>>> print(open('data-v2.cif').read())   # mmCIF, C-alpha atoms
data_structure
loop_
_atom_site.label_atom_id
_atom_site.label_comp_id
_atom_site.auth_asym_id
_atom_site.auth_seq_id
_atom_site.Cartn_x
_atom_site.Cartn_y
_atom_site.Cartn_z
CA MET A 1 94.61 123.23 115.17
CA PRO A 2 92.81 122.27 118.40
CA ARG A 3 94.64 119.96 120.76
CA ILE A 4 93.56 116.32 120.54
CA ASP A 5 93.35 114.52 123.86
CA LEU A 6 94.93 111.10 123.32
CA ARG A 7 95.44 110.17 126.96
CA ARG A 8 93.49 107.42 128.63
CA ARG A 9 91.23 108.77 131.33
CA LYS A 10 92.33 106.03 133.71
CA SER A 11 94.39 102.87 133.66
CA PRO A 12 92.79 99.58 134.67
CA ARG A 13 93.95 98.44 138.11
CA GLN A 14 91.76 95.40 138.61
CA ALA A 15 91.42 92.30 136.45
CA ARG A 16 87.82 93.14 135.60
CA SER A 17 88.77 96.64 134.44
CA ALA A 18 91.68 95.24 132.41
CA ASP A 19 89.29 92.80 130.75
CA THR A 20 86.94 95.65 129.86
CA VAL A 21 89.76 97.61 128.24
CA GLU A 22 90.83 94.51 126.28
CA THR A 23 87.24 93.99 125.13
CA ILE A 24 86.97 97.62 124.01
CA LEU A 25 90.27 97.52 122.10
CA ALA A 26 89.36 94.21 120.46
CA ALA A 27 86.03 95.72 119.38
CA ALA A 28 87.78 98.84 118.08
CA THR A 29 90.07 96.62 116.02
CA ARG A 30 87.10 94.73 114.55
CA VAL A 31 85.23 97.93 113.68
CA LEU A 32 88.26 99.44 111.96
CA GLU A 33 88.95 96.21 110.11
CA ARG A 34 85.39 95.72 108.91
CA GLU A 35 84.21 99.29 108.42
CA SER A 36 87.44 101.30 108.17
CA LEU A 37 87.47 104.88 109.44
CA ALA A 38 84.13 105.68 107.82
CA GLY A 39 82.24 103.51 110.30
CA PHE A 40 84.50 104.06 113.29
CA ASN A 41 83.09 105.95 116.27
CA THR A 42 82.75 105.42 120.00
CA ASN A 43 79.08 104.44 119.80
CA ARG A 44 79.82 101.71 117.25
CA VAL A 45 82.81 100.41 119.23
CA ALA A 46 80.76 100.30 122.43
CA GLU A 47 77.99 98.42 120.61
CA VAL A 48 80.40 95.79 119.25
CA ALA A 49 82.16 95.52 122.62
CA GLY A 50 78.85 95.00 124.44
CA VAL A 51 79.51 97.84 126.88
CA SER A 52 77.87 101.21 127.44
CA VAL A 53 79.36 104.32 125.87
CA GLY A 54 79.77 105.60 129.42
CA SER A 55 81.94 102.59 130.27
CA LEU A 56 84.07 103.23 127.18
CA TYR A 57 84.48 106.91 128.13
CA GLN A 58 85.80 105.88 131.54
CA TYR A 59 88.99 104.82 129.74
CA PHE A 60 89.02 106.60 126.37
CA PRO A 61 87.81 110.21 126.05
CA ASN A 62 87.22 110.05 122.29
CA LYS A 63 87.75 107.91 119.19
CA SER A 64 91.19 109.40 118.58
CA ALA A 65 92.34 108.13 121.98
CA LEU A 66 91.03 104.69 121.01
CA VAL A 67 92.95 104.74 117.74
CA ALA A 68 96.07 105.98 119.53
CA ALA A 69 95.88 102.98 121.86
CA LEU A 70 95.59 100.63 118.89
CA ILE A 71 98.56 102.26 117.16
CA ASP A 72 100.60 102.01 120.35
CA ARG A 73 99.78 98.31 120.66
CA HIS A 74 100.48 97.71 116.98
CA GLU A 75 103.88 99.46 117.07
CA SER A 76 104.86 97.68 120.27
CA ALA A 77 104.15 94.30 118.68
CA LEU A 78 106.06 95.30 115.53
CA ALA A 79 109.11 96.36 117.52
CA ALA A 80 109.06 93.13 119.52
CA SER A 81 108.74 91.05 116.33
CA ILE A 82 111.71 92.73 114.67
CA GLU A 83 113.85 92.46 117.80
CA SER A 84 113.06 88.75 118.07
CA CYS A 85 113.69 88.23 114.36
CA VAL A 86 117.12 89.87 114.45
CA ALA A 87 118.08 87.84 117.53
CA ALA A 88 116.86 84.59 115.95
CA HIS A 89 118.91 85.20 112.78
CA GLN A 90 122.17 85.89 114.55
CA ASP A 91 123.97 83.09 112.71
CA ARG A 92 122.28 83.58 109.33
CA SER A 93 123.46 85.48 106.28
CA LEU A 94 122.57 89.13 105.76
CA ARG A 95 120.20 88.16 102.95
CA GLU A 96 118.39 85.57 105.08
CA ALA A 97 118.02 88.03 107.94
CA LEU A 98 116.72 90.79 105.67
CA LEU A 99 114.24 88.38 104.10
CA ALA A 100 112.88 87.57 107.54
CA VAL A 101 112.58 91.25 108.50
CA VAL A 102 110.90 92.07 105.18
CA ASP A 103 108.46 89.21 105.76
CA ILE A 104 107.36 90.99 108.95
CA GLY A 105 106.74 94.19 107.00
CA ILE A 106 104.76 92.37 104.31
CA ALA A 107 102.67 90.55 106.91
CA GLN A 108 101.97 93.84 108.66
CA GLN A 109 100.67 95.36 105.44
CA TYR A 110 98.75 92.38 104.03
CA ALA A 111 97.50 90.32 106.96
CA ARG A 112 94.83 92.93 107.80
CA PRO A 113 95.03 95.48 104.98
CA ILE A 114 92.02 97.63 105.90
CA LEU A 115 93.18 97.88 109.50
CA ALA A 116 96.76 98.65 108.41
CA ALA A 117 95.60 101.41 106.06
CA ALA A 118 93.40 102.97 108.74
CA LEU A 119 96.16 102.94 111.34
CA ASP A 120 98.68 104.36 108.85
CA HIS A 121 96.26 107.19 108.05
CA GLU A 122 95.64 108.00 111.70
CA GLU A 123 99.31 107.72 112.63
CA ALA A 124 100.03 110.47 110.10
CA ARG A 125 97.15 112.61 111.37
CA LEU A 126 97.51 112.35 115.12
CA PRO A 127 100.29 113.98 117.22
CA LEU A 128 101.86 110.66 118.20
CA LYS A 129 105.57 111.18 117.56
CA PRO A 130 106.58 111.44 121.24
CA GLN A 131 104.68 108.26 122.12
CA LEU A 132 106.06 106.30 119.16
CA ARG A 133 109.67 107.43 119.47
CA ASP A 134 110.55 104.57 121.81
CA TYR A 135 109.31 101.96 119.34
CA GLU A 136 111.12 103.64 116.45
CA GLN A 137 114.32 103.62 118.47
CA ARG A 138 113.89 99.95 119.36
CA ILE A 139 113.37 99.00 115.72
CA GLY A 140 116.27 101.19 114.64
CA MET A 141 118.60 99.63 117.19
CA ALA A 142 117.61 96.11 116.11
CA VAL A 143 118.26 96.86 112.44
CA MET A 144 121.53 98.60 113.29
CA THR A 145 122.58 95.49 115.23
CA LEU A 146 121.85 93.43 112.13
CA LEU A 147 123.92 95.73 109.91
CA GLN A 148 126.83 95.84 112.35
CA ARG A 149 126.81 92.06 112.48
CA HIS A 150 127.41 92.03 108.71
CA ALA A 151 129.55 95.16 108.46
CA ASP A 152 132.15 93.36 106.36
CA GLU A 153 129.55 92.88 103.60
CA LEU A 154 128.64 96.56 103.40
CA ALA A 155 130.21 99.29 101.25
CA ALA A 156 130.91 101.37 104.36
CA PRO A 157 130.39 101.11 108.13
CA PRO A 158 126.67 101.21 108.97
CA ARG A 159 125.21 104.50 110.12
CA PRO A 160 121.81 105.63 111.44
CA ALA A 161 120.91 107.08 108.04
CA ASP A 162 121.16 103.59 106.55
CA VAL A 163 118.46 102.34 108.90
CA GLN A 164 116.14 105.17 107.86
CA ASP A 165 116.84 104.53 104.17
CA ILE A 166 116.12 100.82 104.60
CA PHE A 167 112.73 101.66 106.12
CA VAL A 168 111.90 104.10 103.32
CA ILE A 169 112.88 101.68 100.55
CA ALA A 170 111.06 98.69 102.04
CA LYS A 171 107.94 100.64 103.03
CA ALA A 172 107.63 102.31 99.63
CA MET A 173 107.97 99.02 97.74
CA ILE A 174 105.56 97.12 99.99
CA GLU A 175 102.93 99.86 99.94
CA ALA A 176 103.20 100.25 96.16
CA ASP A 177 102.63 96.52 95.79
CA ALA A 178 99.66 96.70 98.16
CA VAL A 179 97.96 99.31 95.96
CA ALA A 180 98.02 96.85 93.07
CA GLY A 181 96.21 93.96 94.76
CA ARG A 182 94.89 92.26 97.87
CA ALA A 183 97.73 89.73 98.03
CA PRO A 184 101.49 90.31 97.85
CA SER A 185 103.24 89.64 94.56
CA ALA A 186 105.04 86.29 94.57
CA ASP A 187 108.40 87.97 94.12
CA LEU A 188 107.82 90.95 96.43
CA ARG A 189 110.09 89.86 99.27
CA ASP A 190 112.92 89.04 96.87
CA ARG A 191 112.59 92.36 95.06
CA VAL A 192 112.64 94.32 98.31
CA VAL A 193 115.68 92.48 99.62
CA ARG A 194 117.51 92.91 96.31
CA ALA A 195 116.88 96.64 96.53
CA LEU A 196 118.14 96.75 100.12
CA LEU A 197 121.26 94.72 99.37
CA GLY A 198 121.97 96.86 96.32
CA TYR A 199 121.72 100.02 98.41
CA LEU A 200 123.93 98.63 101.18
CA ALA A 201 126.55 97.37 98.74
CA THR A 202 126.92 100.62 96.81
CA ARG A 203 126.27 103.56 99.11
CA GLY A 204 129.15 105.85 100.05
CA GLY A 205 130.59 106.33 103.50
CA ALA A 206 129.68 109.10 105.94
#
>>> encode(input="data-v2.cif", output="structure tokens")
Amino acid sequence: MPRIDLRRRKSPRQARSADTVETILAAATRVLERESLAGFNTNRVAEVAGVSVGSLYQYFPNKSALVAALIDRHESALAASIESCVAAHQDRSLREALLAVVDIGIAQQYARPILAAALDHEEARLPLKPQLRDYEQRIGMAVMTLLQRHADELAAPPRPADVQDIFVIAKAMIEADAVAGRAPSADLRDRVVRALLGYLATRGGA
């Protein structure tokens, strides 16, 4: 498989250059959201951004590099949201905290479903694991902090595998619901949290 160049050609150092990059990324988001991957290419993004293709190529060598930048931004925002959520629910019950975290996952999937599906597809296709590892670790640490805070309610002391299992359970349930319709089921968040609490209350120790 040929190597895909996902690196930016240069980083903006001046305010004007930073504004251009923001304009390009905002246009890339709009194109993905409106036209999905079928209509996504550098010419279309440049057209929507109101810049020349040459200007776009100064920062992004190809459409994969553009998508990689969007995924990086998306995952950074997700990690920050979960970290803030866990911190804000420090004095709440485990159920209340899990509901709030699950709400973030549901919003991520449903707020902009076409964009979410496109980014999920490209995240699986592109060699992004090294770049995304930091965000995964941040999210994992936040969820582990939540579990440790409520360790007395769990069947056994929390372990890293529990964090991974929580992600798998929640992601599978949310994505399955998303296939069925364009809006989340009224009881989706409660069903997901019930599944998570059931897993945490019954799993064995290490």
>>> resolve_selection(input="data-v2.cif", expression="the PyMOL selection byres ((chain A and resi 56) around 12)", output="number ranges by chain")
A: 8-10, 17, 20-25, 27-28, 41-55, 57-63, 65-66
>>> atom_distance(input="data-v2.cif", atom1="CA of Leu147 in chain A", atom2="CA of Tyr199 in chain A")
12.5 Å
>>> atom_distance(input="data-v2.cif", atom1="CA of Ala80 in chain A", atom2="CA of Gly105 in chain A")
12.8 Å
>>> residues_around(input="data-v2.cif", residues="Arg149 in chain A", least_positions_apart="5", cutoff="10 Å", atoms="only C-alpha atoms", output="PyMOL selection string")
chain A and resi 90-91+93-94+143-144+158
>>> atom_distance(input="data-v2.cif", atom1="CA of Arg112 in chain A", atom2="CA of Glu33 in chain A")
7.1 Å
>>> closest_residue(input="data-v2.cif", among="A:Ala97, A:Ile114, A:Glu153, A:Arg138", to="Val179 in chain A", atoms="all atoms listed in the file")
A:Ile114
>>> decode(input="data-v2.cif", residues="range 46-62 of chain A", atoms="N, CA and C atoms", output="compact mmCIF listing (two decimals), in the first residue's frame")
# COMPACT_ATOMS: atom_id res chain seq x y z
N ALA A 46 -11.42 24.13 -1.99
CA ALA A 46 -10.87 25.44 -2.32
C ALA A 46 -11.97 26.37 -2.83
N GLU A 47 -12.87 25.82 -3.64
CA GLU A 47 -13.98 26.62 -4.17
C GLU A 47 -14.85 27.15 -3.04
N VAL A 48 -15.23 26.28 -2.10
CA VAL A 48 -16.09 26.69 -0.99
C VAL A 48 -15.36 27.65 -0.06
N ALA A 49 -14.06 27.45 0.10
CA ALA A 49 -13.26 28.32 0.97
C ALA A 49 -13.00 29.69 0.33
N GLY A 50 -13.14 29.78 -0.98
CA GLY A 50 -12.85 31.04 -1.66
C GLY A 50 -11.37 31.31 -1.79
N VAL A 51 -10.58 30.23 -1.89
CA VAL A 51 -9.13 30.37 -2.08
C VAL A 51 -8.73 29.57 -3.30
N SER A 52 -7.54 29.80 -3.80
CA SER A 52 -7.04 29.02 -4.93
C SER A 52 -6.59 27.65 -4.45
N VAL A 53 -6.60 26.68 -5.36
CA VAL A 53 -6.11 25.35 -5.02
C VAL A 53 -4.64 25.44 -4.62
N GLY A 54 -3.91 26.35 -5.26
CA GLY A 54 -2.51 26.53 -4.91
C GLY A 54 -2.35 26.98 -3.46
N SER A 55 -3.22 27.87 -3.01
CA SER A 55 -3.17 28.32 -1.62
C SER A 55 -3.46 27.16 -0.67
N LEU A 56 -4.43 26.33 -1.03
CA LEU A 56 -4.74 25.16 -0.20
C LEU A 56 -3.52 24.24 -0.12
N TYR A 57 -2.87 24.00 -1.28
CA TYR A 57 -1.74 23.08 -1.30
C TYR A 57 -0.52 23.62 -0.54
N GLN A 58 -0.51 24.89 -0.25
CA GLN A 58 0.58 25.43 0.58
C GLN A 58 0.56 24.80 1.97
N TYR A 59 -0.63 24.38 2.42
CA TYR A 59 -0.77 23.84 3.78
C TYR A 59 -1.11 22.35 3.80
N PHE A 60 -1.88 21.89 2.80
CA PHE A 60 -2.33 20.50 2.80
C PHE A 60 -1.99 19.88 1.45
N PRO A 61 -1.16 18.82 1.44
CA PRO A 61 -0.69 18.27 0.16
C PRO A 61 -1.75 17.49 -0.60
N ASN A 62 -2.82 17.06 0.06
CA ASN A 62 -3.84 16.25 -0.59
C ASN A 62 -5.09 16.23 0.28
